[in-house]
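Undergrad: Provided herewith is a single structure, encoded as structure tokens, for subsequent inquiry.
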Amino acid sequence: MSKADRRKKRQRYAKPSAPGSWRRPVEANDNHANDNLERVKINGVWLTENQALRYHDAVANLASRDLTKRRAAESVLLQLEHEVRARIEDKVVERGLKERHELEALRGMAVGVSDIEGAVGVAMVTKDGLAHLFARNSITKQQHTAGQRFRTDYEKLNPERQLTPPQLDPAKENIPHGGDNWDDKRTEAIDRLHCIYRMICGVDGTPGDKGMLPLLPRDHPSMRSIAALNLIAGQGFLINELATGSRARARMKDDLTFALDACAIVHDID
């Protein structure tokens, strides 16, 4: 390579790089006054570019002899103060919600945000014993999925008492319990529930059969399994709320897992 070629190559790589994507395009009337705009931090909060621009303009106008400009500057600074306070409060609420979520999770609770009309955005605490057991690896994923399917059917028995209330929709207020074919869906759900109950009791049957459950005492293992399934998978109760003592809790968990396995068979969950 000749000296002239090397010189051309150096010149090609010596060109300045293009401005970064952060730099806004230069307008025709842009005087570059904001290219090196100083960042402003108030009460531990960094102002946005727009807020910083308003802040610097207001500070400059405070030194003006024009009283109108000075009053306008004071108004801008007051507005900025409100905006900064609102951002601080949002961060405090966010941190508080996160901390509450962590504490409630240890107790088997779930903290979410309501989407119900009139209370949108409000923190909402719900309990879910099934999710709590799954989070602690006390039940398998298959059993957890089966329990969720069971809950979907179980809630059709009484839609007004669902574990998670649906969002109110005024457009559907005249449609009873979920819209078209609700009665058929509810009948199918009841058939699946009875099939699960019969399987737990050791009675053969398939969904749609009208066989009766055997008359068993309440302390029979099958009846205990059905009760645990209804209360924990269906209604979301925690085992700790239903049983006292380690032996009673262990027995209730065994009763529940036996019932969840029956749910998995009926719902054909691998």
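A note on labels: chains of the structure tokens are A, B, ... as shown, every chain counts residues from 1, and ligands are counted from 1 in their shown order.
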Near Glu83 of chain A, counting only C-alpha atoms, which residues have an atom at most 12 Å away, once you skip same-chain residues fewer than 5 positions from it, shown as a PyMOL selection string?
TA: chain A and resi 42-43+45-48+51+76-78+88-90
Undergrad: If you measure from atom CA of Phe134 of chain A to atom CA of Gly236 of chain A, what distance in Å do you get, rounded to one decimal?
TA: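 Separation of atom CA of Phe134 of chain A and atom CA of Gly236 of chain A: 12.5 Å.
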Undergrad: Distance atom CA of Ile269 of chain A-atom CA of Pro214 of chain A, one decimal place?
TA: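 Distance reported for this atom pair: 26.2 Å.
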Undergrad: As an exercise, work out the distance from atom CA of Ile196 of chain A to atom CA of Asp184 of chain A in Å and give it to one decimal place.
TA: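 Separating atom CA of Ile196 of chain A from atom CA of Asp184 of chain A is a distance of 18.6 Å.
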Undergrad: Which of these residues is nearest to Met252 of chain A, using only C-alpha atoms: A:Val92, A:Glu188, A:Arg198, A:Ser138?
TA: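 The closest residue to Met252 of chain A is A:Ser138.
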Undergrad: Extract, using only C-alpha atoms, all DNA, RNA and protein residues at most 9 Å from His267 of chain A, discarding same-chain residues fewer than 6 positions from it, and format them as number ranges by chain.
TA: A: 146, 149-150, 192
Undergrad: Using only C-alpha atoms, which residues sit within 7 Å of Phe258 of chain A once same-chain residues fewer than 4 positions away are excluded, as a count of residues only?
TA: 3
